[in-house]
Each structure stands twice: as structure tokens, then as C-alpha cells.
$ cat target08.cif   # mmCIF, C-alpha atoms, pLDDT in the B column; chains and numbers go by the auth columns
data_entry
loop_
_atom_site.group_PDB
_atom_site.id
_atom_site.type_symbol
_atom_site.label_atom_id
_atom_site.label_comp_id
_atom_site.label_asym_id
_atom_site.label_seq_id
_atom_site.Cartn_x
_atom_site.Cartn_y
_atom_site.Cartn_z
_atom_site.B_iso_or_equiv
_atom_site.auth_seq_id
_atom_site.auth_asym_id
ATOM 1 C CA MET A 1 3.802 26.500 5.710 60.00 174 L
ATOM 2 C CA LYS A 2 0.936 26.781 8.186 73.00 175 L
ATOM 3 C CA ASN A 3 -1.629 25.176 5.858 86.00 176 L
ATOM 4 C CA LYS A 4 0.695 22.251 5.226 91.00 177 L
ATOM 5 C CA ASP A 5 1.204 21.716 8.962 90.00 178 L
ATOM 6 C CA LEU A 6 -2.533 21.991 9.552 91.00 179 L
ATOM 7 C CA MET A 7 -3.242 19.284 6.956 94.00 180 L
ATOM 8 C CA ILE A 8 -0.538 17.067 8.463 94.00 181 L
ATOM 9 C CA GLY A 9 -2.272 17.428 11.830 93.00 182 L
ATOM 10 C CA VAL A 10 -5.668 16.521 10.379 94.00 183 L
ATOM 11 C CA PHE A 11 -4.163 13.486 8.650 95.00 184 L
ATOM 12 C CA LEU A 12 -2.427 12.404 11.874 94.00 185 L
ATOM 13 C CA ALA A 13 -5.686 12.762 13.832 94.00 186 L
ATOM 14 C CA LEU A 14 -7.580 10.603 11.337 94.00 187 L
ATOM 15 C CA LEU A 15 -4.781 8.046 11.231 95.00 188 L
ATOM 16 C CA THR A 16 -4.561 7.909 15.025 95.00 189 L
ATOM 17 C CA THR A 17 -8.335 7.445 15.295 93.00 190 L
ATOM 18 C CA PHE A 18 -8.164 4.580 12.807 93.00 191 L
ATOM 19 C CA LEU A 19 -5.301 3.025 14.781 94.00 192 L
ATOM 20 C CA GLY A 20 -7.184 3.413 18.084 92.00 193 L
ATOM 21 C CA THR A 21 -10.317 1.861 16.620 92.00 194 L
ATOM 22 C CA PHE A 22 -8.277 -0.983 15.136 93.00 195 L
ATOM 23 C CA LEU A 23 -6.557 -1.663 18.457 91.00 196 L
ATOM 24 C CA PHE A 24 -9.817 -1.509 20.411 91.00 197 L
ATOM 25 C CA ILE A 25 -11.589 -4.006 18.170 91.00 198 L
ATOM 26 C CA ASN A 26 -8.648 -6.407 17.984 90.00 199 L
ATOM 27 C CA LEU A 27 -7.757 -6.293 21.690 90.00 200 L
ATOM 28 C CA PHE A 28 -11.197 -6.289 23.298 88.00 201 L
ATOM 29 C CA THR A 29 -13.256 -8.433 20.906 87.00 202 L
ATOM 30 C CA ASP A 30 -12.824 -11.789 19.254 88.00 203 L
ATOM 31 C CA MET A 31 -13.687 -10.375 15.834 87.00 204 L
ATOM 32 C CA GLY A 32 -11.490 -9.079 13.071 88.00 205 L
ATOM 33 C CA TYR A 33 -11.449 -5.384 12.237 88.00 206 L
ATOM 34 C CA LEU A 34 -13.750 -5.436 9.208 90.00 207 L
ATOM 35 C CA THR A 35 -16.179 -7.874 10.838 91.00 208 L
ATOM 36 C CA GLY A 36 -16.279 -5.753 13.991 88.00 209 L
ATOM 37 C CA MET A 37 -16.838 -2.510 12.080 89.00 210 L
ATOM 38 C CA HIS A 38 -19.672 -4.110 10.090 90.00 211 L
ATOM 39 C CA LEU A 39 -21.295 -5.526 13.229 89.00 212 L
ATOM 40 C CA TYR A 40 -21.001 -2.259 15.154 88.00 213 L
ATOM 41 C CA LYS A 41 -22.460 -0.356 12.203 88.00 214 L
ATOM 42 C CA GLU A 42 -25.470 -2.702 12.118 91.00 215 L
ATOM 43 C CA GLN A 43 -25.964 -2.249 15.870 91.00 216 L
ATOM 44 C CA GLY A 44 -25.691 1.529 15.594 87.00 217 L
ATOM 45 C CA MET A 45 -22.579 1.666 17.786 88.00 218 L
ATOM 46 C CA LEU A 46 -20.056 2.786 15.183 86.00 219 L
ATOM 47 C CA GLY A 47 -19.963 6.339 16.541 85.00 220 L
ATOM 48 C CA LYS A 48 -19.112 5.059 20.007 86.00 221 L
ATOM 49 C CA ILE A 49 -16.286 2.915 18.649 88.00 222 L
ATOM 50 C CA LEU A 50 -14.872 5.883 16.722 87.00 223 L
ATOM 51 C CA THR A 51 -15.018 7.948 19.891 86.00 224 L
ATOM 52 C CA LEU A 52 -13.038 5.318 21.789 87.00 225 L
ATOM 53 C CA GLY A 53 -10.525 5.226 18.950 87.00 226 L
ATOM 54 C CA ALA A 54 -10.087 8.990 19.129 87.00 227 L
ATOM 55 C CA ILE A 55 -8.759 8.808 22.696 89.00 228 L
ATOM 56 C CA LEU A 56 -5.258 8.259 21.309 90.00 229 L
ATOM 57 C CA ASN A 57 -5.435 11.761 19.846 92.00 230 L
ATOM 58 C CA ILE A 58 -5.046 13.143 23.370 91.00 231 L
ATOM 59 C CA LEU A 59 -1.605 11.540 23.574 92.00 232 L
ATOM 60 C CA LEU A 60 -0.722 12.776 20.097 92.00 233 L
ATOM 61 C CA PHE A 61 -1.789 16.331 20.979 93.00 234 L
ATOM 62 C CA TYR A 62 0.224 16.289 24.205 93.00 235 L
ATOM 63 C CA PHE A 63 3.305 14.965 22.385 93.00 236 L
ATOM 64 C CA LEU A 64 3.084 17.650 19.694 92.00 237 L
ATOM 65 C CA ILE A 65 2.660 20.437 22.254 93.00 238 L
ATOM 66 C CA LYS A 66 5.748 19.216 24.132 93.00 239 L
ATOM 67 C CA LYS A 67 7.733 19.253 20.858 90.00 240 L
ATOM 68 C CA ASP A 68 6.627 22.855 20.127 87.00 241 L
ATOM 69 C CA ARG A 69 4.637 21.903 17.025 88.00 242 L
ATOM 70 C CA GLU A 70 1.629 24.131 17.653 89.00 243 L
ATOM 71 C CA GLU A 71 0.509 24.290 14.006 91.00 244 L
ATOM 72 C CA ILE A 72 0.294 20.506 13.730 92.00 245 L
ATOM 73 C CA SER A 73 -1.463 20.419 17.123 93.00 246 L
ATOM 74 C CA GLN A 74 -4.093 22.791 15.726 92.00 247 L
ATOM 75 C CA GLY A 75 -4.575 20.345 12.857 93.00 248 L
ATOM 76 C CA VAL A 76 -5.124 17.530 15.359 94.00 249 L
ATOM 77 C CA ILE A 77 -7.851 19.610 17.023 94.00 250 L
ATOM 78 C CA LEU A 78 -9.419 20.281 13.600 94.00 251 L
ATOM 79 C CA GLY A 79 -9.270 16.546 12.885 93.00 252 L
ATOM 80 C CA LEU A 80 -11.048 15.851 16.176 92.00 253 L
ATOM 81 C CA ILE A 81 -13.753 18.330 15.210 93.00 254 L
ATOM 82 C CA ILE A 82 -14.183 16.517 11.880 92.00 255 L
ATOM 83 C CA ILE A 83 -14.372 13.149 13.672 90.00 256 L
ATOM 84 C CA THR A 84 -16.937 14.592 16.094 89.00 257 L
ATOM 85 C CA ILE A 85 -19.141 15.807 13.242 91.00 258 L
ATOM 86 C CA VAL A 86 -18.893 12.427 11.503 85.00 259 L
ATOM 87 C CA THR A 87 -19.735 10.662 14.766 83.00 260 L
ATOM 88 C CA LEU A 88 -22.847 12.809 15.216 85.00 261 L
ATOM 89 C CA PHE A 89 -24.214 11.592 11.888 82.00 262 L
ATOM 90 C CA LEU A 90 -23.474 7.882 12.416 72.00 263 L
#
$ encode --input "target08.cif" --output "C-alpha cells"
Amino acid sequence: MKNKDLMIGVFLALLTTFLGTFLFINLFTDMGYLTGMHLYKEQGMLGKILTLGAILNILLFYFLIKKDREEISQGVILGLIIITIVTLFL
């Protein structure tokens, strides 16, 4: 059961980062999501945008801890580590 909860946490972290990135680009720029991602990739700022999108994971982690879902919370932390490694190479 622990591995399943860990994978759910990783998936939730990646999904939340995507959602945060989507919201950031749509709310703070005049571009669409795909146009913004392409432009930020060309400018070398894609890692910074992913980092801003990952801020929502703090709220997700806090919510899961309050609901006593420690295994899924560990998956969220693992997902953040994965996102950090990806961001280092972008």
C-alpha cells in the first residue's frame, strides 16, 4: 500500500506543478500556455517558471499532513525532488 500512496503523491506533485505553471502563465502574461512555455524555453527561463508553478505543492503538502496522509505527503516531497532535478537541467 505504501508504494501506491507514494506514486499517488508523486503524480499529485507533478499535476499540481503543471496547474501552478498553467495558472501563472495565464494570469500574469498575455500569452497562451503553449506559446508561453515555448517562449520561456527559448529565453532559458523554463526552470524558473516550473519553480513558480511548484509553489502550490506547499499547500498540497500542508493539506495532506493535516489529513494524516503521511505516505502521500512523502510522495509529494519525492515529486518535488524530481521537479528540482529536472529544473537543474533546463
$ closest_residue --input "target08.cif" --among "L:Leu185, L:Leu200, L:Ile258, L:Leu253" --to "Ile228 of chain L" --atoms "all atoms listed in the file"
L:Leu253
$ closest_residue --input "target08.cif" --among "L:Leu196, L:Leu237, L:Ala227, L:Leu263" --to "Glu215 of chain L" --atoms "only C-alpha atoms"
L:Leu263
$ resolve_selection --input "target08.cif" --expression "the PyMOL selection byres ((chain L and resi 261) around 12)" --output "list of chain:residue names"
L:Gly217, L:Met218, L:Leu219, L:Gly220, L:Lys221, L:Leu223, L:Thr224, L:Ile254, L:Ile255, L:Ile256, L:Thr257, L:Ile258, L:Val259, L:Thr260, L:Phe262, L:Leu263
$ closest_residue --input "target08.cif" --among "L:Tyr206, L:Tyr235, L:Lys214, L:Glu244" --to "Leu192 of chain L" --atoms "all atoms listed in the file"
L:Tyr206
$ resolve_selection --input "target08.cif" --expression "the PyMOL selection byres ((chain L and resi 250) around 10)" --output "list in words"
Leu179, Gly182, Val183, Ala186, Asn230, Ile231, Phe234, Ile245, Ser246, Gln247, Gly248, Val249, Leu251, Gly252, Leu253, Ile254, Ile255 and Ile256 of chain L
$ atom_distance --input "target08.cif" --atom1 "atom CA of Phe191 of chain L" --atom2 "atom CA of Met210 of chain L"
11.2 Å
$ closest_residue --input "target08.cif" --among "L:Thr208, L:Thr190, L:Gln216, L:Asn176" --to "Leu229 of chain L" --atoms "only C-alpha atoms"
L:Thr190
$ atom_distance --input "target08.cif" --atom1 "atom CA of Gly209 of chain L" --atom2 "atom CA of Phe195 of chain L"
9.4 Å
$ atom_distance --input "target08.cif" --atom1 "atom CA of Ile198 of chain L" --atom2 "atom CA of Leu212 of chain L"
11.0 Å
